[in-house]
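Student: What follows is the file query.pdb, containing PDB, C-alpha atoms:
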MODEL        1
ATOM      1  CA  MET A   1      15.346  -0.688 -26.807  1.00  0.00           C
ATOM      2  CA  VAL A   2      13.977  -3.029 -24.130  1.00  0.00           C
ATOM      3  CA  ASN A   3      12.834  -6.318 -25.675  1.00  0.00           C
ATOM      4  CA  GLN A   4      10.915  -8.623 -23.376  1.00  0.00           C
ATOM      5  CA  LYS A   5      10.935 -11.469 -25.940  1.00  0.00           C
ATOM      6  CA  ASN A   6      14.705 -11.774 -25.645  1.00  0.00           C
ATOM      7  CA  TYR A   7      14.742 -11.535 -21.858  1.00  0.00           C
ATOM      8  CA  SER A   8      15.385 -14.761 -19.975  1.00  0.00           C
ATOM      9  CA  ASN A   9      15.172 -13.761 -16.303  1.00  0.00           C
ATOM     10  CA  LYS A  10      12.181 -15.700 -14.896  1.00  0.00           C
ATOM     11  CA  LYS A  11      12.919 -15.267 -11.188  1.00  0.00           C
ATOM     12  CA  LEU A  12      11.799 -11.688 -10.604  1.00  0.00           C
ATOM     13  CA  THR A  13       9.364 -11.158  -7.748  1.00  0.00           C
ATOM     14  CA  GLN A  14       6.489  -8.701  -7.907  1.00  0.00           C
ATOM     15  CA  TRP A  15       7.235  -5.114  -7.009  1.00  0.00           C
ATOM     16  CA  SER A  16       6.499  -4.112  -3.419  1.00  0.00           C
ATOM     17  CA  PHE A  17       7.295  -1.142  -1.227  1.00  0.00           C
ATOM     18  CA  ASN A  18       9.589  -3.191   0.981  1.00  0.00           C
ATOM     19  CA  LYS A  19      12.425  -2.110   3.239  1.00  0.00           C
ATOM     20  CA  LYS A  20      14.979  -1.877   0.425  1.00  0.00           C
ATOM     21  CA  VAL A  21      12.676   0.258  -1.719  1.00  0.00           C
ATOM     22  CA  ALA A  22      11.792   2.489   1.244  1.00  0.00           C
ATOM     23  CA  GLN A  23      15.462   3.108   2.024  1.00  0.00           C
ATOM     24  CA  ASN A  24      16.116   4.253  -1.549  1.00  0.00           C
ATOM     25  CA  PHE A  25      12.699   5.605  -2.494  1.00  0.00           C
ATOM     26  CA  ASP A  26      13.567   9.223  -3.315  1.00  0.00           C
ATOM     27  CA  LYS A  27      16.343   8.184  -5.709  1.00  0.00           C
ATOM     28  CA  ILE A  28      14.124   5.521  -7.284  1.00  0.00           C
ATOM     29  CA  ALA A  29      11.315   8.044  -7.782  1.00  0.00           C
ATOM     30  CA  GLU A  30      13.561  10.666  -9.348  1.00  0.00           C
ATOM     31  CA  LYS A  31      15.015   8.166 -11.822  1.00  0.00           C
ATOM     32  CA  ASN A  32      11.677   6.606 -12.773  1.00  0.00           C
ATOM     33  CA  ILE A  33       9.132   9.438 -12.634  1.00  0.00           C
ATOM     34  CA  PRO A  34       9.353  12.395 -15.037  1.00  0.00           C
ATOM     35  CA  ARG A  35       8.909  15.792 -13.349  1.00  0.00           C
ATOM     36  CA  TYR A  36       8.731  14.219  -9.911  1.00  0.00           C
ATOM     37  CA  GLN A  37       9.733  17.327  -7.948  1.00  0.00           C
ATOM     38  CA  ALA A  38       7.988  19.709 -10.350  1.00  0.00           C
ATOM     39  CA  VAL A  39       4.591  18.088  -9.675  1.00  0.00           C
ATOM     40  CA  ILE A  40       5.073  18.313  -5.905  1.00  0.00           C
ATOM     41  CA  ASP A  41       6.040  21.981  -6.270  1.00  0.00           C
ATOM     42  CA  LYS A  42       2.889  22.618  -8.324  1.00  0.00           C
ATOM     43  CA  CYS A  43       0.748  21.125  -5.553  1.00  0.00           C
ATOM     44  CA  LEU A  44       2.269  23.572  -3.101  1.00  0.00           C
ATOM     45  CA  LEU A  45       1.833  26.520  -5.474  1.00  0.00           C
ATOM     46  CA  ILE A  46      -1.825  25.700  -6.188  1.00  0.00           C
ATOM     47  CA  THR A  47      -2.474  25.392  -2.453  1.00  0.00           C
ATOM     48  CA  LYS A  48      -0.945  28.792  -1.732  1.00  0.00           C
ATOM     49  CA  LYS A  49      -2.887  30.449  -4.557  1.00  0.00           C
ATOM     50  CA  THR A  50      -6.182  28.792  -3.602  1.00  0.00           C
ATOM     51  CA  PHE A  51      -5.892  29.538   0.123  1.00  0.00           C
ATOM     52  CA  PRO A  52      -3.647  32.634   0.334  1.00  0.00           C
ATOM     53  CA  GLY A  53      -2.311  33.229   3.836  1.00  0.00           C
ATOM     54  CA  ASP A  54      -4.327  30.404   5.430  1.00  0.00           C
ATOM     55  CA  LEU A  55      -1.890  27.999   7.065  1.00  0.00           C
ATOM     56  CA  ASN A  56      -4.596  26.141   9.007  1.00  0.00           C
ATOM     57  CA  ILE A  57      -6.262  24.399   6.085  1.00  0.00           C
ATOM     58  CA  LYS A  58      -6.386  20.597   6.290  1.00  0.00           C
ATOM     59  CA  ILE A  59      -4.165  18.752   3.801  1.00  0.00           C
ATOM     60  CA  ILE A  60      -3.678  15.043   3.187  1.00  0.00           C
ATOM     61  CA  ASP A  61      -1.234  13.274   0.869  1.00  0.00           C
ATOM     62  CA  ILE A  62      -2.257   9.784  -0.244  1.00  0.00           C
ATOM     63  CA  GLY A  63       0.675   7.426  -0.639  1.00  0.00           C
ATOM     64  CA  SER A  64       2.878   9.749   1.376  1.00  0.00           C
ATOM     65  CA  ALA A  65       5.904   7.427   1.041  1.00  0.00           C
ATOM     66  CA  THR A  66       8.947   8.849   2.837  1.00  0.00           C
ATOM     67  CA  GLY A  67       7.228  12.170   3.509  1.00  0.00           C
ATOM     68  CA  ARG A  68       8.766  14.394   0.844  1.00  0.00           C
ATOM     69  CA  THR A  69       5.474  16.123   0.009  1.00  0.00           C
ATOM     70  CA  LEU A  70       4.524  16.383   3.690  1.00  0.00           C
ATOM     71  CA  ASP A  71       7.895  17.944   4.453  1.00  0.00           C
ATOM     72  CA  ILE A  72       7.537  20.602   1.762  1.00  0.00           C
ATOM     73  CA  PHE A  73       4.084  21.624   3.007  1.00  0.00           C
ATOM     74  CA  ILE A  74       5.176  21.665   6.651  1.00  0.00           C
ATOM     75  CA  LYS A  75       8.304  23.708   5.906  1.00  0.00           C
ATOM     76  CA  SER A  76       6.047  26.181   4.083  1.00  0.00           C
ATOM     77  CA  GLY A  77       4.174  26.745   7.363  1.00  0.00           C
ATOM     78  CA  PHE A  78       1.059  24.601   6.934  1.00  0.00           C
ATOM     79  CA  LYS A  79      -0.095  23.187  10.276  1.00  0.00           C
ATOM     80  CA  ASN A  80      -2.643  20.455   9.514  1.00  0.00           C
ATOM     81  CA  VAL A  81      -0.768  18.158   7.149  1.00  0.00           C
ATOM     82  CA  TYR A  82      -1.293  14.394   7.129  1.00  0.00           C
ATOM     83  CA  GLY A  83      -0.367  11.360   5.073  1.00  0.00           C
ATOM     84  CA  VAL A  84      -1.875   7.972   4.267  1.00  0.00           C
ATOM     85  CA  GLU A  85       0.391   5.036   3.485  1.00  0.00           C
ATOM     86  CA  ASN A  86      -0.130   1.272   3.284  1.00  0.00           C
ATOM     87  CA  SER A  87       3.541   0.289   3.601  1.00  0.00           C
ATOM     88  CA  LYS A  88       4.951   0.169   7.119  1.00  0.00           C
ATOM     89  CA  HIS A  89       8.440   0.244   5.655  1.00  0.00           C
ATOM     90  CA  MET A  90       7.682   3.562   3.968  1.00  0.00           C
ATOM     91  CA  ILE A  91       6.172   4.966   7.147  1.00  0.00           C
ATOM     92  CA  ASN A  92       9.266   3.931   9.109  1.00  0.00           C
ATOM     93  CA  MET A  93      11.385   5.972   6.681  1.00  0.00           C
ATOM     94  CA  SER A  94       9.002   8.946   6.644  1.00  0.00           C
ATOM     95  CA  LYS A  95      10.272  12.352   7.676  1.00  0.00           C
ATOM     96  CA  HIS A  96       6.974  12.868   9.519  1.00  0.00           C
ATOM     97  CA  LYS A  97       5.830   9.376  10.513  1.00  0.00           C
ATOM     98  CA  GLU A  98       3.794  10.752  13.424  1.00  0.00           C
ATOM     99  CA  ARG A  99       1.468  12.404  10.882  1.00  0.00           C
ATOM    100  CA  VAL A 100       0.944   9.312   8.715  1.00  0.00           C
ATOM    101  CA  ILE A 101      -2.068   6.988   8.906  1.00  0.00           C
ATOM    102  CA  PHE A 102      -1.412   3.335   8.094  1.00  0.00           C
ATOM    103  CA  SER A 103      -4.290   2.230   5.868  1.00  0.00           C
ATOM    104  CA  ASP A 104      -5.267   0.741   2.511  1.00  0.00           C
ATOM    105  CA  ASN A 105      -8.285   3.048   2.422  1.00  0.00           C
ATOM    106  CA  PHE A 106      -8.968   6.754   2.481  1.00  0.00           C
ATOM    107  CA  PRO A 107      -9.463   7.825   6.142  1.00  0.00           C
ATOM    108  CA  ARG A 108     -13.074   8.987   5.895  1.00  0.00           C
ATOM    109  CA  ASP A 109     -13.481   8.678   9.652  1.00  0.00           C
ATOM    110  CA  MET A 110     -11.231  11.659  10.439  1.00  0.00           C
ATOM    111  CA  SER A 111     -13.068  14.326  12.399  1.00  0.00           C
ATOM    112  CA  ASP A 112     -13.676  16.877   9.631  1.00  0.00           C
ATOM    113  CA  TYR A 113     -13.259  17.463   5.914  1.00  0.00           C
ATOM    114  CA  PHE A 114     -10.108  18.216   3.938  1.00  0.00           C
ATOM    115  CA  ASP A 115      -9.300  21.343   1.939  1.00  0.00           C
ATOM    116  CA  VAL A 116      -6.552  19.742  -0.134  1.00  0.00           C
ATOM    117  CA  VAL A 117      -6.011  16.123  -1.176  1.00  0.00           C
ATOM    118  CA  THR A 118      -3.023  14.982  -3.227  1.00  0.00           C
ATOM    119  CA  ALA A 119      -2.558  11.508  -4.699  1.00  0.00           C
ATOM    120  CA  ASN A 120       0.545  11.564  -6.828  1.00  0.00           C
ATOM    121  CA  TRP A 121       1.694   8.267  -8.407  1.00  0.00           C
ATOM    122  CA  THR A 122      -0.467   6.234  -6.026  1.00  0.00           C
ATOM    123  CA  LEU A 123      -3.947   5.306  -7.263  1.00  0.00           C
ATOM    124  CA  HIS A 124      -2.554   3.265 -10.159  1.00  0.00           C
ATOM    125  CA  PHE A 125      -1.587   0.735  -7.459  1.00  0.00           C
ATOM    126  CA  ILE A 126      -5.166   0.555  -6.143  1.00  0.00           C
ATOM    127  CA  LYS A 127      -7.690  -1.905  -7.575  1.00  0.00           C
ATOM    128  CA  ARG A 128     -10.876  -0.173  -6.358  1.00  0.00           C
ATOM    129  CA  ARG A 129      -9.802   3.103  -7.910  1.00  0.00           C
ATOM    130  CA  LYS A 130     -13.215   4.591  -8.619  1.00  0.00           C
ATOM    131  CA  GLN A 131     -14.404   3.957  -5.071  1.00  0.00           C
ATOM    132  CA  TYR A 132     -11.237   5.564  -3.705  1.00  0.00           C
ATOM    133  CA  ILE A 133     -11.907   8.656  -5.827  1.00  0.00           C
ATOM    134  CA  LYS A 134     -15.494   8.723  -4.538  1.00  0.00           C
ATOM    135  CA  ASP A 135     -14.204   8.615  -0.955  1.00  0.00           C
ATOM    136  CA  ILE A 136     -11.855  11.502  -1.681  1.00  0.00           C
ATOM    137  CA  TYR A 137     -14.659  13.561  -3.180  1.00  0.00           C
ATOM    138  CA  SER A 138     -16.999  12.957  -0.238  1.00  0.00           C
ATOM    139  CA  SER A 139     -14.251  13.908   2.236  1.00  0.00           C
ATOM    140  CA  LEU A 140     -13.321  17.147   0.468  1.00  0.00           C
ATOM    141  CA  LYS A 141     -14.726  20.520   1.469  1.00  0.00           C
ATOM    142  CA  LYS A 142     -16.672  22.593  -1.026  1.00  0.00           C
ATOM    143  CA  GLY A 143     -14.106  24.877  -2.638  1.00  0.00           C
ATOM    144  CA  GLY A 144     -11.290  22.420  -1.953  1.00  0.00           C
ATOM    145  CA  PHE A 145      -9.240  20.630  -4.561  1.00  0.00           C
ATOM    146  CA  PHE A 146      -7.719  17.262  -5.379  1.00  0.00           C
ATOM    147  CA  VAL A 147      -4.534  16.747  -7.411  1.00  0.00           C
ATOM    148  CA  LEU A 148      -4.210  13.332  -9.026  1.00  0.00           C
ATOM    149  CA  THR A 149      -1.066  12.167 -10.839  1.00  0.00           C
ATOM    150  CA  GLU A 150      -1.147   8.801 -12.580  1.00  0.00           C
ATOM    151  CA  LYS A 151       0.688   6.650 -15.067  1.00  0.00           C
ATOM    152  CA  ILE A 152      -1.832   6.170 -17.874  1.00  0.00           C
ATOM    153  CA  SER A 153      -2.282   3.749 -20.771  1.00  0.00           C
ATOM    154  CA  THR A 154      -0.384   4.933 -23.854  1.00  0.00           C
ATOM    155  CA  SER A 155       0.815   3.718 -27.224  1.00  0.00           C
ATOM    156  CA  SER A 156       4.014   1.697 -27.471  1.00  0.00           C
ATOM    157  CA  PHE A 157       5.680   4.728 -29.076  1.00  0.00           C
ATOM    158  CA  ILE A 158       5.029   6.921 -26.026  1.00  0.00           C
ATOM    159  CA  HIS A 159       5.934   4.082 -23.674  1.00  0.00           C
ATOM    160  CA  ASN A 160       9.286   3.707 -25.409  1.00  0.00           C
ATOM    161  CA  ARG A 161       9.942   7.429 -25.022  1.00  0.00           C
ATOM    162  CA  TYR A 162       9.342   6.942 -21.294  1.00  0.00           C
ATOM    163  CA  HIS A 163      12.066   4.287 -21.373  1.00  0.00           C
ATOM    164  CA  ASP A 164      14.307   6.844 -23.121  1.00  0.00           C
ATOM    165  CA  PHE A 165      13.744   9.131 -20.132  1.00  0.00           C
ATOM    166  CA  LYS A 166      14.889   6.337 -17.819  1.00  0.00           C
ATOM    167  CA  ARG A 167      18.002   5.755 -19.899  1.00  0.00           C
ATOM    168  CA  LYS A 168      18.875   9.449 -19.592  1.00  0.00           C
ATOM    169  CA  GLN A 169      18.606   9.038 -15.805  1.00  0.00           C
ATOM    170  CA  GLY A 170      21.331   6.384 -15.992  1.00  0.00           C
ATOM    171  CA  LEU A 171      19.195   3.247 -15.706  1.00  0.00           C
ATOM    172  CA  THR A 172      20.448   0.182 -17.591  1.00  0.00           C
ATOM    173  CA  GLU A 173      18.387  -1.899 -20.004  1.00  0.00           C
ATOM    174  CA  LYS A 174      18.231  -4.670 -17.402  1.00  0.00           C
ATOM    175  CA  GLU A 175      17.064  -2.284 -14.668  1.00  0.00           C
ATOM    176  CA  ILE A 176      14.357  -0.894 -16.941  1.00  0.00           C
ATOM    177  CA  LEU A 177      13.045  -4.308 -17.892  1.00  0.00           C
ATOM    178  CA  ASP A 178      13.304  -5.741 -14.368  1.00  0.00           C
ATOM    179  CA  LYS A 179      11.118  -2.894 -13.127  1.00  0.00           C
ATOM    180  CA  GLU A 180       8.670  -3.312 -16.006  1.00  0.00           C
ATOM    181  CA  ILE A 181       8.207  -7.029 -15.341  1.00  0.00           C
ATOM    182  CA  SER A 182       8.024  -6.726 -11.535  1.00  0.00           C
ATOM    183  CA  LEU A 183       5.210  -4.146 -11.816  1.00  0.00           C
ATOM    184  CA  LYS A 184       2.941  -6.379 -13.913  1.00  0.00           C
ATOM    185  CA  GLY A 185      -0.289  -6.953 -12.020  1.00  0.00           C
ATOM    186  CA  VAL A 186       0.794  -4.475  -9.333  1.00  0.00           C
ATOM    187  CA  LEU A 187       0.578  -1.163 -11.203  1.00  0.00           C
ATOM    188  CA  THR A 188      -2.342  -1.135 -13.639  1.00  0.00           C
ATOM    189  CA  THR A 189      -2.960   1.737 -16.008  1.00  0.00           C
ATOM    190  CA  LYS A 190      -6.162   3.186 -17.408  1.00  0.00           C
ATOM    191  CA  PRO A 191      -6.579   5.601 -20.336  1.00  0.00           C
ATOM    192  CA  LEU A 192      -6.719   9.326 -19.695  1.00  0.00           C
ATOM    193  CA  SER A 193     -10.362   9.341 -20.828  1.00  0.00           C
ATOM    194  CA  TRP A 194     -11.265   7.004 -17.950  1.00  0.00           C
ATOM    195  CA  TYR A 195      -9.886   9.472 -15.409  1.00  0.00           C
ATOM    196  CA  LEU A 196     -11.491  12.539 -16.975  1.00  0.00           C
ATOM    197  CA  ASN A 197     -14.875  10.820 -17.240  1.00  0.00           C
ATOM    198  CA  THR A 198     -14.717   9.291 -13.747  1.00  0.00           C
ATOM    199  CA  LEU A 199     -13.700  12.529 -12.045  1.00  0.00           C
ATOM    200  CA  LYS A 200     -16.603  14.367 -13.711  1.00  0.00           C
ATOM    201  CA  GLU A 201     -19.010  11.536 -12.960  1.00  0.00           C
ATOM    202  CA  VAL A 202     -18.027  11.514  -9.281  1.00  0.00           C
ATOM    203  CA  GLY A 203     -18.950  15.201  -9.102  1.00  0.00           C
ATOM    204  CA  PHE A 204     -15.884  17.430  -9.471  1.00  0.00           C
ATOM    205  CA  SER A 205     -16.960  20.725 -11.000  1.00  0.00           C
ATOM    206  CA  GLU A 206     -13.597  21.517 -12.616  1.00  0.00           C
ATOM    207  CA  VAL A 207     -11.225  18.903 -14.023  1.00  0.00           C
ATOM    208  CA  GLU A 208      -8.088  20.240 -15.726  1.00  0.00           C
ATOM    209  CA  ILE A 209      -4.766  18.774 -16.805  1.00  0.00           C
ATOM    210  CA  ILE A 210      -1.953  20.727 -15.154  1.00  0.00           C
ATOM    211  CA  ASP A 211       1.115  18.655 -15.984  1.00  0.00           C
ATOM    212  CA  THR A 212       2.080  15.860 -18.358  1.00  0.00           C
ATOM    213  CA  ASP A 213       5.144  13.952 -19.487  1.00  0.00           C
ATOM    214  CA  TRP A 214       5.770  10.551 -21.049  1.00  0.00           C
ATOM    215  CA  CYS A 215       3.036   8.191 -19.740  1.00  0.00           C
ATOM    216  CA  PHE A 216       2.180  10.449 -16.772  1.00  0.00           C
ATOM    217  CA  VAL A 217      -0.511  13.075 -16.273  1.00  0.00           C
ATOM    218  CA  SER A 218      -1.457  15.384 -13.385  1.00  0.00           C
ATOM    219  CA  ILE A 219      -5.062  16.509 -13.036  1.00  0.00           C
ATOM    220  CA  LEU A 220      -6.449  19.333 -10.870  1.00  0.00           C
ATOM    221  CA  CYS A 221      -9.983  18.640  -9.643  1.00  0.00           C
ATOM    222  CA  ARG A 222     -12.034  21.255  -7.798  1.00  0.00           C
ATOM    223  CA  LYS A 223     -15.171  20.631  -5.774  1.00  0.00           C
TER     224      LYS A 223
ENDMDL
END
Spell out the structure here as structure tokens.
Tutor:
Amino acid sequence: MVNQKNYSNKKLTQWSFNKKVAQNFDKIAEKNIPRYQAVIDKCLLITKKTFPGDLNIKIIDIGSATGRTLDIFIKSGFKNVYGVENSKHMINMSKHKERVIFSDNFPRDMSDYFDVVTANWTLHFIKRRKQYIKDIYSSLKKGGFFVLTEKISTSSFIHNRYHDFKRKQGLTEKEILDKEISLKGVLTTKPLSWYLNTLKEVGFSEVEIIDTDWCFVSILCRK
């Protein structure tokens, strides 16, 4: 078990989506995020079921990283697919960099509203989280949906089971703890109740949990 009290490395820098991370992002994500691909696949499935046969709906992925989600939607035939990313290194590695907007904020100034918004493993890096959710809601068409996946606050028991997941992915005790320490102050969690209450308060008519695994939850929100 990881024990921070017995850990002596004091020289770790804060986590950032730098060039090294961007070059290895997909592998990092798969080793550190439970059900990484499964959540992306669910976003595609929900989109197809909500808008059957309509490939012209407008879709945006927040924190589009290296473009894995964008690529899956585009290969499925969707035409109007965009990303938002605040790391130039990630954009440079994106499979569809020409579709990605470089910004810290939600692009409310785009010409029309979105049918689908996804923000998987992203908003927990954003300080003004409630305002970002408000911006998403106001930019979403009536009848559209938003999928939010976040790392949430949990008990130490659940958090340790998340570390067990990482061990099964081949990560060492040092790698697990290095990541944990480097993310302090960068990734901040909130309890599940905060998300459910905030999403309802902002105005979403339906808020449902669609996926969960150690420390992570995916929520489907319909307008």
Student: Residues of segment 24-143 of chain A that approach segment 154-178 of chain A to 9 Å or less, counting all atoms listed in the file: could you list each one with the shortest pair of atoms and its distance in Å to one decimal, rows by chain and increasing residue number, as JSON lines?
Tutor:
{"residue": "A:Glu30", "atom": "CA", "partner": "A:Gln169", "partner_atom": "CA", "distance": 8.4}
{"residue": "A:Lys31", "atom": "CA", "partner": "A:Gln169", "partner_atom": "CA", "distance": 5.4}
{"residue": "A:Asn32", "atom": "CA", "partner": "A:Lys166", "partner_atom": "CA", "distance": 6.0}
{"residue": "A:Ile33", "atom": "CA", "partner": "A:Lys166", "partner_atom": "CA", "distance": 8.3}
{"residue": "A:Pro34", "atom": "CA", "partner": "A:Phe165", "partner_atom": "CA", "distance": 7.5}
Student: Skipping near chain neighbours, those fewer than 3 positions away, what residues fall within 9 Å of segment 44-47 of chain A using only C-alpha atoms, listed as a ChimeraX atom specification?
Tutor: /A:39-41,50-52,69,72-73,76,116,145
Student: Written as a PyMOL selection string, which residues does the PyMOL selection byres ((chain A and resi 209) around 9) give for the file shown?
Tutor: chain A and resi 207-208+210-212+217-221
Student: Save the residues we just selected, C-alpha atoms, as a PDB file, in the coordinates of the input?
Tutor:
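After the write, selection.pdb holds the following:
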ATOM      1  CA  VAL A 207     -11.225  18.903 -14.023  1.00  0.00           C
ATOM      2  CA  GLU A 208      -8.088  20.240 -15.726  1.00  0.00           C
ATOM      3  CA  ILE A 210      -1.953  20.727 -15.154  1.00  0.00           C
ATOM      4  CA  ASP A 211       1.115  18.655 -15.984  1.00  0.00           C
ATOM      5  CA  THR A 212       2.080  15.860 -18.358  1.00  0.00           C
ATOM      6  CA  VAL A 217      -0.511  13.075 -16.273  1.00  0.00           C
ATOM      7  CA  SER A 218      -1.457  15.384 -13.385  1.00  0.00           C
ATOM      8  CA  ILE A 219      -5.062  16.509 -13.036  1.00  0.00           C
ATOM      9  CA  LEU A 220      -6.449  19.333 -10.870  1.00  0.00           C
ATOM     10  CA  CYS A 221      -9.983  18.640  -9.643  1.00  0.00           C
TER      11      CYS A 221
END
Student: Just the residues within 12 Å of Lys130 of chain A, please, counting only C-alpha atoms, with nothing from its chain fewer than 2 positions along; format it as a list in words.
Tutor: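 Final neighbour list, sorted by chain and number: Leu123, His124, Ile126, Lys127, Arg128, Tyr132, Ile133, Lys134, Asp135, Ile136, Tyr137, Lys190, Trp194, Tyr195, Leu196, Asn197, Thr198, Leu199, Lys200, Glu201 and Val202 of chain A.
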Student: Expand the PyMOL selection byres ((chain A and resi 142) around 10) into the explicit residue set it covers here, and present it as a list in words.
Tutor: Tyr113, Phe114, Asp115, Tyr137, Ser138, Ser139, Leu140, Lys141, Gly143, Gly144, Phe145, Phe204, Arg222 and Lys223 of chain A
Student: Carefully work through the PyMOL selection byres ((chain A and resi 88) around 9) for this structure and note down the residues it includes, as a PyMOL selection string.
Tutor: chain A and resi 17-19+85-87+89-93+102
Student: So how many Å separate atom CA of Gly53 of chain A and atom CA of Gly83 of chain A, to one decimal?
Tutor: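 These atoms are spaced 22.0 Å apart.
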Student: In Å, with one decimal, what is the gap from atom CA of His96 of chain A to atom CA of Lys58 of chain A?
Tutor: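 It comes out at 15.8 Å.
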Student: N, CA, C and O atoms are what I want for segment 82-95 of chain A; can you complete it accordingly and write them as an mmCIF file, in the coordinates of the input?
Tutor:
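What follows is the written file out.cif:
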data_model
loop_
_atom_site.group_PDB
_atom_site.id
_atom_site.type_symbol
_atom_site.label_atom_id
_atom_site.label_comp_id
_atom_site.auth_asym_id
_atom_site.auth_seq_id
_atom_site.Cartn_x
_atom_site.Cartn_y
_atom_site.Cartn_z
ATOM 1 N N TYR A 82 -1.278 15.815 6.781
ATOM 2 C CA TYR A 82 -1.293 14.394 7.129
ATOM 3 C C TYR A 82 -0.953 13.549 5.896
ATOM 4 O O TYR A 82 -0.990 14.031 4.771
ATOM 5 N N GLY A 83 -0.633 12.297 6.152
ATOM 6 C CA GLY A 83 -0.367 11.360 5.073
ATOM 7 C C GLY A 83 -1.116 10.065 5.285
ATOM 8 O O GLY A 83 -1.519 9.737 6.407
ATOM 9 N N VAL A 84 -1.317 9.333 4.210
ATOM 10 C CA VAL A 84 -1.875 7.972 4.267
ATOM 11 C C VAL A 84 -0.906 7.075 3.510
ATOM 12 O O VAL A 84 -0.471 7.412 2.414
ATOM 13 N N GLU A 85 -0.579 5.940 4.103
ATOM 14 C CA GLU A 85 0.391 5.036 3.485
ATOM 15 C C GLU A 85 0.068 3.606 3.900
ATOM 16 O O GLU A 85 -0.292 3.365 5.054
ATOM 17 N N ASN A 86 0.184 2.665 2.952
ATOM 18 C CA ASN A 86 -0.130 1.272 3.284
ATOM 19 C C ASN A 86 1.116 0.390 3.396
ATOM 20 O O ASN A 86 1.004 -0.826 3.481
ATOM 21 N N SER A 87 2.290 1.016 3.399
ATOM 22 C CA SER A 87 3.541 0.289 3.601
ATOM 23 C C SER A 87 4.195 0.742 4.902
ATOM 24 O O SER A 87 4.592 1.905 5.043
ATOM 25 N N LYS A 88 4.316 -0.167 5.840
ATOM 26 C CA LYS A 88 4.951 0.169 7.119
ATOM 27 C C LYS A 88 6.421 0.526 6.930
ATOM 28 O O LYS A 88 6.977 1.335 7.675
ATOM 29 N N HIS A 89 7.036 -0.075 5.929
ATOM 30 C CA HIS A 89 8.440 0.244 5.655
ATOM 31 C C HIS A 89 8.588 1.705 5.226
ATOM 32 O O HIS A 89 9.522 2.399 5.641
ATOM 33 N N MET A 90 7.646 2.160 4.405
ATOM 34 C CA MET A 90 7.682 3.562 3.968
ATOM 35 C C MET A 90 7.415 4.504 5.141
ATOM 36 O O MET A 90 8.078 5.536 5.277
ATOM 37 N N ILE A 91 6.470 4.138 5.979
ATOM 38 C CA ILE A 91 6.172 4.966 7.147
ATOM 39 C C ILE A 91 7.392 5.049 8.063
ATOM 40 O O ILE A 91 7.721 6.121 8.592
ATOM 41 N N ASN A 92 8.077 3.937 8.248
ATOM 42 C CA ASN A 92 9.266 3.931 9.109
ATOM 43 C C ASN A 92 10.354 4.864 8.596
ATOM 44 O O ASN A 92 11.147 5.389 9.380
ATOM 45 N N MET A 93 10.386 5.083 7.282
ATOM 46 C CA MET A 93 11.385 5.972 6.681
ATOM 47 C C MET A 93 10.864 7.396 6.500
ATOM 48 O O MET A 93 11.595 8.265 6.029
ATOM 49 N N SER A 94 9.612 7.635 6.876
ATOM 50 C CA SER A 94 9.002 8.946 6.644
ATOM 51 C C SER A 94 9.631 10.028 7.517
ATOM 52 O O SER A 94 9.950 9.799 8.685
ATOM 53 N N LYS A 95 9.767 11.201 6.934
ATOM 54 C CA LYS A 95 10.272 12.352 7.676
ATOM 55 C C LYS A 95 9.283 12.816 8.734
ATOM 56 O O LYS A 95 9.657 13.524 9.680
#
